[in-house]
Amino acid sequence: MADEGAIVRRSRANRAVSRLTVTIVLANLIGLVILLLGSFALTQYRDGLIQAKLEGVRAQAQIIADVLAQVAIDETTCQPVEEVEIAGQEDTAICALSLRQRDVREVFNRVWDSFEGRVRIFNAPQTFDDPPVTDARILLIEDVVLREDEIVAQNLPPIDQGNGVISSLEEEGMWRRLSRFFSRDYRDQAARRSLEDELNAALASSPFAEERGAASVRIDEEGELVASVSVPIRRVQAIYGIVTAESGGIDELVEDARLSILPFFGWAVAAAILSSLLLTTMIAQPIRQLAIASDKVREGIAAAGRARIPDFTHRKDEIGELSASLKSMTQAIYARIDAIESFAADVSHELKNPLTSIRSAAETLQLAMTPEQQEKLLNVIQSDVARMDRLITDISNASRLDAELARESREAIDLGKLIKDIVASYSHTGGPGAARVIFEEPLQPVYVLGSPSAFSQVIRNLIDNGRSFSPVDGEVRVILDPQTVRNNRSRIIVEDDGPGIPSDNIESIFKRFYTKRPQGSAFGNNSGLGLAISRQIVNSHGGRIFAENRLSDPGDPNSARKGARFIVELPGT
């Protein structure tokens with residue numbers, strides 16, 4: 001066991017980072033990682049950015065549509081259009097509603113320098129098919145890309161440091177791939193939308209709607225995600241054409257917003273690591289020290305040594321409480337070890353005395369000449385054997401007392417009834433001249449929580465002790481005081497009329513194997529364990545037991561002793 005403990009302790013001491021430290025770090029980081037990944041998958045955040053983009057494109061498309069409706073509509077010409085599906089008639093001529101291409105180009109060449117994005121102008125369809133637009137290229141008049149007049153300057157790295165550019169591009173590609181992975185469902189939906197669907201929706205839109213035209217997020221010819229808005233060019237109720245404004249850069253916009261989170265994420269990671277180190281210093285390391293010290297205690301017990309538990313009781317937290325508990329436990333273990341060693345030494349000493357007497361009597365028995373001498377020696381041997389029997393019985397009871405107290409269930413005990421039954425049993429025992437036991441039952445019942453058998457042993461030990469010191473035809477009085485408002489403890493008092501207790505031995509009488517008795521008392525009739533066992537039982541129930549002398553003048557400590565008094569105080573229920 002010692003070797004295993006040493007191996008465990010060395011493994012703990014040699015471990016560079018404790019497992020609890022790793023657990024703390026991971027626990028602090030996992031929430032940040034989930035938050036970061038959540039920023040990629042958060043559709044509400046992405047949809048808000050796209051909606052703002054669509055609002056800007058819609059405003060641009062509406063302005064262009066309003067301007068073209070004023071300057072580019074040709075109402076003076078009427079071009080014949082062949083329509084074979086009107087009312088089932090063939091070769092019917094109708095007037096086409098068209099835009100002047102020259103005016104459309106002039107508008108874009110002179111006015112729209114401040115707009116940015118792609119703008120396409122379509123003529124209105126001249127058929128009554130369903131849907132009216134099946135190929136947008138047939139109706140296309142103008143397709144221009146408008147950009148703001150802005151020059152962007154950027155310092156390029158030296159030629160010999162090209163790896164940094166490649167690295168940044170690779171990093172950007174990785175970041176974009178990650179972003180697209182979380183947006184794959186959204187992009188799949190956008191890929192299923194077409195420009196023709198948007199144009200048909202714009203033609204079918206109401207001119208009285210608050211938001212004119214139709215808007216959608218599509219994938220353009222280059223595979224880029226674009227925000228597109230198509231607005232009809234109307235005069236009165238007639239539709240002369242359609243303006244489609246597109247703005248790309250949605251992926252970059254979302255990625256830039258997500259990239260802006262990274263510095264905060266970095267600071268959050270640094271704070272998490274610092275807090276983890278702080279928790280490690282405040283929690284993991286003290287627990288590790290306590291664990292190593294506990295192993296040393298176990299090895300110290302096996303090697304009959306002593307180990308010290310680190311003292312963290314100055315900390316007003318659970319670690320301080322754990323340290324105090326381990327220290328108290330260790331002290332209790334060492335105290336129990338010392339008590340066992342002392343008990344073993346006392347047992348050895350107490351058993352050795354009668355054995356020595358028996359051996360001496362047995363050796364002398366062979367030399368005895370007369371029957372009287374032989375009978376006297378045999379009486380000595382019998383007395384010592386009886387003494388050893390009492391000692392072994394009491395030692396056995398004392399040695400298993402702790403285990404019995406731990407196993408026994410505790411219940412509410414009526415002390416008055418218990419004492420009354422015990423006192424009644426003494427009226428039928430004892431020879432001529434034995435002290436009488438008197439008990440006056442209290443007016444009200446007194447209850448305590450404990451083991452009935454254990455309390456019975458305490459009361460019997462005190463009564464037997466009082467009777468052994470009482471004179472012929474003396475009295476042992478048992479008094480039961482109930483608890484009061486001022487004193488929340490019940491008291492059992494046992495008084496005798498014996499010689500009392502020497503003032504120097506008031507506390508010593510509760511030690512094991514204490515057998516000092518007045519002159520003239522029978523020797524060997526007591527093991528000296530009764531009072532020690534009684535104190536052990538009372539202490540285990542949260543009470544206390546002590547002794548004092550009955551004095552002829554209670555106010556004078558030097559007055560004559562009238563007997564002894566033992567007092568047991570027990571907490572109430």
# chains A, B, ... in the order shown; residues from 1 in each chain; ligands from 1

call {"tool": "residues_around", "arguments": {"residues": "Asp220 (chain A)", "least_positions_apart": "4", "cutoff": "10 Å", "atoms": "only C-alpha atoms", "output": "list in words"}}
result
Ala190, Ala191, Arg193, Ser194, Leu195, Glu224, Leu225, Val226, Ala227, Ser228, Glu246 and Gly248 of chain A

call {"tool": "write_last_selection", "arguments": {"atoms": "N, CA and C atoms", "output": "tab-separated table (two decimals), in the first residue's frame"}}
result
chain	number	residue	atom	x	y	z
A	190	ALA	N	-30.86	30.74	-52.82
A	190	ALA	CA	-30.60	31.86	-53.75
A	190	ALA	C	-30.30	31.36	-55.15
A	191	ALA	N	-29.66	30.20	-55.27
A	191	ALA	CA	-29.31	29.67	-56.59
A	191	ALA	C	-30.56	29.24	-57.36
A	193	ARG	N	-33.31	30.89	-57.47
A	193	ARG	CA	-34.03	32.07	-57.95
A	193	ARG	C	-33.38	32.56	-59.25
A	194	SER	N	-34.19	33.03	-60.19
A	194	SER	CA	-33.68	33.51	-61.48
A	194	SER	C	-34.11	34.96	-61.69
A	195	LEU	N	-33.41	35.61	-62.63
A	195	LEU	CA	-33.75	36.99	-62.97
A	195	LEU	C	-35.14	37.06	-63.58
A	224	GLU	N	-21.65	34.93	-57.59
A	224	GLU	CA	-21.62	35.78	-56.42
A	224	GLU	C	-23.03	36.02	-55.92
A	225	LEU	N	-23.17	36.12	-54.63
A	225	LEU	CA	-24.46	36.40	-54.01
A	225	LEU	C	-24.74	37.90	-54.14
A	226	VAL	N	-25.88	38.26	-54.77
A	226	VAL	CA	-26.21	39.66	-55.00
A	226	VAL	C	-27.60	39.96	-54.47
A	227	ALA	N	-27.78	41.21	-54.04
A	227	ALA	CA	-29.09	41.72	-53.65
A	227	ALA	C	-29.67	42.45	-54.85
A	228	SER	N	-30.82	42.00	-55.33
A	228	SER	CA	-31.39	42.51	-56.58
A	228	SER	C	-32.80	43.01	-56.33
A	246	GLU	N	-28.67	45.72	-59.03
A	246	GLU	CA	-28.02	44.65	-58.28
A	246	GLU	C	-26.81	45.21	-57.54
A	248	GLY	N	-23.58	43.57	-55.30
A	248	GLY	CA	-22.88	42.41	-54.77
A	248	GLY	C	-22.18	42.74	-53.45

call {"tool": "residues_around", "arguments": {"residues": "Gly117 (chain A)", "least_positions_apart": "3", "cutoff": "8 Å", "atoms": "only C-alpha atoms", "output": "list in words"}}
result
Val145, Leu146, Arg147, Ala245, Glu246, Ser247 and Gly248 of chain A

call {"tool": "select_by_dssp", "arguments": {"residues": "region 247-449 of chain A", "states": "strand (DSSP E or B)", "output": "PyMOL selection string"}}
result
chain A and resi 247+411-414+436-439+447-449

call {"tool": "closest_atom_pairs", "arguments": {"of": "region 409-432 of chain A", "to": "region 453-474 of chain A", "cutoff": "9 Å", "atoms": "only C-alpha atoms", "output": "JSON lines"}}
result
{"residue": "A:Leu415", "atom": "CA", "partner": "A:Phe455", "partner_atom": "CA", "distance": 8.8}
{"residue": "A:Leu418", "atom": "CA", "partner": "A:Ser456", "partner_atom": "CA", "distance": 7.4}
{"residue": "A:Ile419", "atom": "CA", "partner": "A:Ile459", "partner_atom": "CA", "distance": 7.5}
{"residue": "A:Ile422", "atom": "CA", "partner": "A:Arg460", "partner_atom": "CA", "distance": 7.4}
{"residue": "A:Val423", "atom": "CA", "partner": "A:Ile463", "partner_atom": "CA", "distance": 8.8}
{"residue": "A:Pro432", "atom": "CA", "partner": "A:Asp473", "partner_atom": "CA", "distance": 8.1}

call {"tool": "write_last_selection", "arguments": {"atoms": "C-alpha atoms", "output": "mmCIF file, in the first residue's frame"}}
result
data_model
loop_
_atom_site.group_PDB
_atom_site.id
_atom_site.type_symbol
_atom_site.label_atom_id
_atom_site.label_comp_id
_atom_site.auth_asym_id
_atom_site.auth_seq_id
_atom_site.Cartn_x
_atom_site.Cartn_y
_atom_site.Cartn_z
ATOM 1 C CA LEU A 415 -35.244 9.260 30.596
ATOM 2 C CA LEU A 418 -35.580 4.396 31.616
ATOM 3 C CA ILE A 419 -34.090 5.353 35.009
ATOM 4 C CA ILE A 422 -33.083 0.463 35.994
ATOM 5 C CA VAL A 423 -33.541 1.515 39.628
ATOM 6 C CA PRO A 432 -27.098 -7.653 53.186
#

call {"tool": "residues_around", "arguments": {"residues": "region 51-68 of chain A", "least_positions_apart": "5", "cutoff": "8 Å", "atoms": "only C-alpha atoms", "output": "ChimeraX atom specification"}}
result
/A:73,104,107,115,212,215,227-234,242-247,250

call {"tool": "residues_around", "arguments": {"residues": "Leu203 (chain A)", "least_positions_apart": "4", "cutoff": "12 Å", "atoms": "only C-alpha atoms", "output": "MDAnalysis selection string"}}
result
chainID A and resid 122:125 128 130:133 196:199 207 212:214 230:234 237:244

call {"tool": "write_last_selection", "arguments": {"atoms": "N, CA and C atoms", "output": "PDB file, in the first residue's frame"}}
result
ATOM      1  N   PHE A 122     -34.748  46.985 -68.920  1.00  0.00           N
ATOM      2  CA  PHE A 122     -35.464  46.066 -69.804  1.00  0.00           C
ATOM      3  C   PHE A 122     -36.698  46.754 -70.347  1.00  0.00           C
ATOM      4  N   ASN A 123     -37.010  46.465 -71.595  1.00  0.00           N
ATOM      5  CA  ASN A 123     -38.288  46.881 -72.155  1.00  0.00           C
ATOM      6  C   ASN A 123     -39.398  46.039 -71.563  1.00  0.00           C
ATOM      7  N   ALA A 124     -40.572  46.559 -71.555  1.00  0.00           N
ATOM      8  CA  ALA A 124     -41.716  45.786 -71.085  1.00  0.00           C
ATOM      9  C   ALA A 124     -42.025  44.690 -72.101  1.00  0.00           C
ATOM     10  N   PRO A 125     -42.436  43.522 -71.697  1.00  0.00           N
ATOM     11  CA  PRO A 125     -42.779  42.453 -72.648  1.00  0.00           C
ATOM     12  C   PRO A 125     -44.022  42.839 -73.445  1.00  0.00           C
ATOM     13  N   PHE A 128     -48.596  38.363 -74.160  1.00  0.00           N
ATOM     14  CA  PHE A 128     -49.474  38.024 -73.040  1.00  0.00           C
ATOM     15  C   PHE A 128     -49.270  36.579 -72.608  1.00  0.00           C
ATOM     16  N   ASP A 130     -47.799  33.506 -70.251  1.00  0.00           N
ATOM     17  CA  ASP A 130     -47.750  33.288 -68.801  1.00  0.00           C
ATOM     18  C   ASP A 130     -46.683  32.252 -68.507  1.00  0.00           C
ATOM     19  N   PRO A 131     -45.526  32.661 -67.994  1.00  0.00           N
ATOM     20  CA  PRO A 131     -45.215  34.033 -67.548  1.00  0.00           C
ATOM     21  C   PRO A 131     -44.804  34.901 -68.724  1.00  0.00           C
ATOM     22  N   PRO A 132     -44.929  36.229 -68.580  1.00  0.00           N
ATOM     23  CA  PRO A 132     -44.613  37.121 -69.708  1.00  0.00           C
ATOM     24  C   PRO A 132     -43.134  37.153 -70.055  1.00  0.00           C
ATOM     25  N   VAL A 133     -42.228  36.930 -69.078  1.00  0.00           N
ATOM     26  CA  VAL A 133     -40.781  36.994 -69.331  1.00  0.00           C
ATOM     27  C   VAL A 133     -40.207  35.598 -69.163  1.00  0.00           C
ATOM     28  N   GLU A 196     -35.517  36.062 -64.373  1.00  0.00           N
ATOM     29  CA  GLU A 196     -36.838  36.069 -64.994  1.00  0.00           C
ATOM     30  C   GLU A 196     -37.939  36.010 -63.929  1.00  0.00           C
ATOM     31  N   ASP A 197     -37.742  35.213 -62.877  1.00  0.00           N
ATOM     32  CA  ASP A 197     -38.738  35.157 -61.802  1.00  0.00           C
ATOM     33  C   ASP A 197     -38.907  36.521 -61.143  1.00  0.00           C
ATOM     34  N   GLU A 198     -37.796  37.229 -60.975  1.00  0.00           N
ATOM     35  CA  GLU A 198     -37.874  38.554 -60.338  1.00  0.00           C
ATOM     36  C   GLU A 198     -38.587  39.548 -61.238  1.00  0.00           C
ATOM     37  N   LEU A 199     -38.317  39.492 -62.550  1.00  0.00           N
ATOM     38  CA  LEU A 199     -38.977  40.409 -63.473  1.00  0.00           C
ATOM     39  C   LEU A 199     -40.477  40.146 -63.526  1.00  0.00           C
ATOM     40  N   PRO A 207     -48.977  48.901 -58.230  1.00  0.00           N
ATOM     41  CA  PRO A 207     -48.355  50.232 -58.224  1.00  0.00           C
ATOM     42  C   PRO A 207     -48.628  51.021 -56.955  1.00  0.00           C
ATOM     43  N   ARG A 212     -42.305  49.306 -54.030  1.00  0.00           N
ATOM     44  CA  ARG A 212     -42.597  48.994 -55.425  1.00  0.00           C
ATOM     45  C   ARG A 212     -41.681  47.889 -55.932  1.00  0.00           C
ATOM     46  N   GLY A 213     -42.196  47.132 -56.875  1.00  0.00           N
ATOM     47  CA  GLY A 213     -41.377  46.135 -57.527  1.00  0.00           C
ATOM     48  C   GLY A 213     -41.221  44.868 -56.703  1.00  0.00           C
ATOM     49  N   ALA A 214     -40.147  44.140 -57.037  1.00  0.00           N
ATOM     50  CA  ALA A 214     -39.852  42.858 -56.380  1.00  0.00           C
ATOM     51  C   ALA A 214     -38.376  42.816 -56.033  1.00  0.00           C
ATOM     52  N   SER A 230     -36.054  44.783 -58.701  1.00  0.00           N
ATOM     53  CA  SER A 230     -36.603  45.160 -60.011  1.00  0.00           C
ATOM     54  C   SER A 230     -37.837  46.030 -59.791  1.00  0.00           C
ATOM     55  N   VAL A 231     -37.817  47.238 -60.408  1.00  0.00           N
ATOM     56  CA  VAL A 231     -38.911  48.208 -60.239  1.00  0.00           C
ATOM     57  C   VAL A 231     -39.459  48.549 -61.622  1.00  0.00           C
ATOM     58  N   PRO A 232     -40.767  48.425 -61.858  1.00  0.00           N
ATOM     59  CA  PRO A 232     -41.352  48.782 -63.162  1.00  0.00           C
ATOM     60  C   PRO A 232     -41.247  50.288 -63.430  1.00  0.00           C
ATOM     61  N   ILE A 233     -41.046  50.617 -64.682  1.00  0.00           N
ATOM     62  CA  ILE A 233     -41.061  52.033 -65.114  1.00  0.00           C
ATOM     63  C   ILE A 233     -42.481  52.312 -65.593  1.00  0.00           C
ATOM     64  N   ARG A 234     -43.201  53.076 -64.816  1.00  0.00           N
ATOM     65  CA  ARG A 234     -44.625  53.301 -65.074  1.00  0.00           C
ATOM     66  C   ARG A 234     -44.897  54.759 -65.420  1.00  0.00           C
ATOM     67  N   GLN A 237     -50.789  53.843 -65.427  1.00  0.00           N
ATOM     68  CA  GLN A 237     -50.816  52.418 -65.135  1.00  0.00           C
ATOM     69  C   GLN A 237     -50.027  51.602 -66.148  1.00  0.00           C
ATOM     70  N   ALA A 238     -49.530  52.261 -67.163  1.00  0.00           N
ATOM     71  CA  ALA A 238     -48.818  51.538 -68.210  1.00  0.00           C
ATOM     72  C   ALA A 238     -47.379  51.292 -67.794  1.00  0.00           C
ATOM     73  N   ILE A 239     -46.848  50.094 -68.098  1.00  0.00           N
ATOM     74  CA  ILE A 239     -45.473  49.715 -67.796  1.00  0.00           C
ATOM     75  C   ILE A 239     -44.679  49.766 -69.086  1.00  0.00           C
ATOM     76  N   TYR A 240     -43.669  50.647 -69.118  1.00  0.00           N
ATOM     77  CA  TYR A 240     -42.847  50.813 -70.299  1.00  0.00           C
ATOM     78  C   TYR A 240     -41.537  50.023 -70.213  1.00  0.00           C
ATOM     79  N   GLY A 241     -41.160  49.664 -69.038  1.00  0.00           N
ATOM     80  CA  GLY A 241     -39.905  48.918 -68.885  1.00  0.00           C
ATOM     81  C   GLY A 241     -39.685  48.557 -67.411  1.00  0.00           C
ATOM     82  N   ILE A 242     -38.540  47.971 -67.178  1.00  0.00           N
ATOM     83  CA  ILE A 242     -38.198  47.535 -65.817  1.00  0.00           C
ATOM     84  C   ILE A 242     -36.754  47.901 -65.546  1.00  0.00           C
ATOM     85  N   VAL A 243     -36.499  48.449 -64.343  1.00  0.00           N
ATOM     86  CA  VAL A 243     -35.139  48.736 -63.872  1.00  0.00           C
ATOM     87  C   VAL A 243     -34.755  47.639 -62.863  1.00  0.00           C
ATOM     88  N   THR A 244     -33.650  46.992 -63.128  1.00  0.00           N
ATOM     89  CA  THR A 244     -33.128  45.978 -62.194  1.00  0.00           C
ATOM     90  C   THR A 244     -31.779  46.461 -61.673  1.00  0.00           C
TER      91      THR A 244
END

call {"tool": "residues_around", "arguments": {"residues": "Leu274 (chain A)", "least_positions_apart": "5", "cutoff": "12 Å", "atoms": "only C-alpha atoms", "output": "number ranges by chain"}}
result
A: 21, 24-25, 28-29, 267-269, 279-281

call {"tool": "closest_residue", "arguments": {"among": "A:Asp317, A:Leu355, A:Ser534, A:Glu475", "to": "Ala386 (chain A)", "atoms": "only C-alpha atoms"}}
result
A:Leu355

call {"tool": "select_by_dssp", "arguments": {"residues": "region 266-448 of chain A", "states": "alpha helix (DSSP H)", "output": "PyMOL selection string"}}
result
chain A and resi 266-279+285-302+318-365+371-399+401-407+415-426

call {"tool": "residues_around", "arguments": {"residues": "Leu365 (chain A)", "least_positions_apart": "5", "cutoff": "8 Å", "atoms": "only C-alpha atoms", "output": "ChimeraX atom specification"}}
result
/A:373-374,377-378

call {"tool": "write_last_selection", "arguments": {"atoms": "C-alpha atoms", "output": "mmCIF file, in the first residue's frame"}}
result
data_model
loop_
_atom_site.group_PDB
_atom_site.id
_atom_site.type_symbol
_atom_site.label_atom_id
_atom_site.label_comp_id
_atom_site.auth_asym_id
_atom_site.auth_seq_id
_atom_site.Cartn_x
_atom_site.Cartn_y
_atom_site.Cartn_z
ATOM 1 C CA GLN A 373 -1.158 -22.409 52.829
ATOM 2 C CA GLN A 374 -2.235 -24.283 49.720
ATOM 3 C CA LEU A 377 -2.681 -19.665 47.393
ATOM 4 C CA LEU A 378 -5.553 -21.258 45.485
#

call {"tool": "closest_residue", "arguments": {"among": "A:Arg491, A:Arg102, A:Arg390, A:Arg410", "to": "Pro442 (chain A)", "atoms": "only C-alpha atoms"}}
result
A:Arg491

call {"tool": "closest_residue", "arguments": {"among": "A:Ser325, A:Ser294, A:Ser216, A:Asn505", "to": "Ile50 (chain A)", "atoms": "only C-alpha atoms"}}
result
A:Ser216

call {"tool": "closest_residue", "arguments": {"among": "A:Arg512, A:Ile493, A:Ile413, A:Ala271", "to": "Ile340 (chain A)", "atoms": "only C-alpha atoms"}}
result
A:Arg512

call {"tool": "atom_distance", "arguments": {"atom1": "CA of Arg298 (chain A)", "atom2": "CA of Phe312 (chain A)"}}
result
19.9 Å
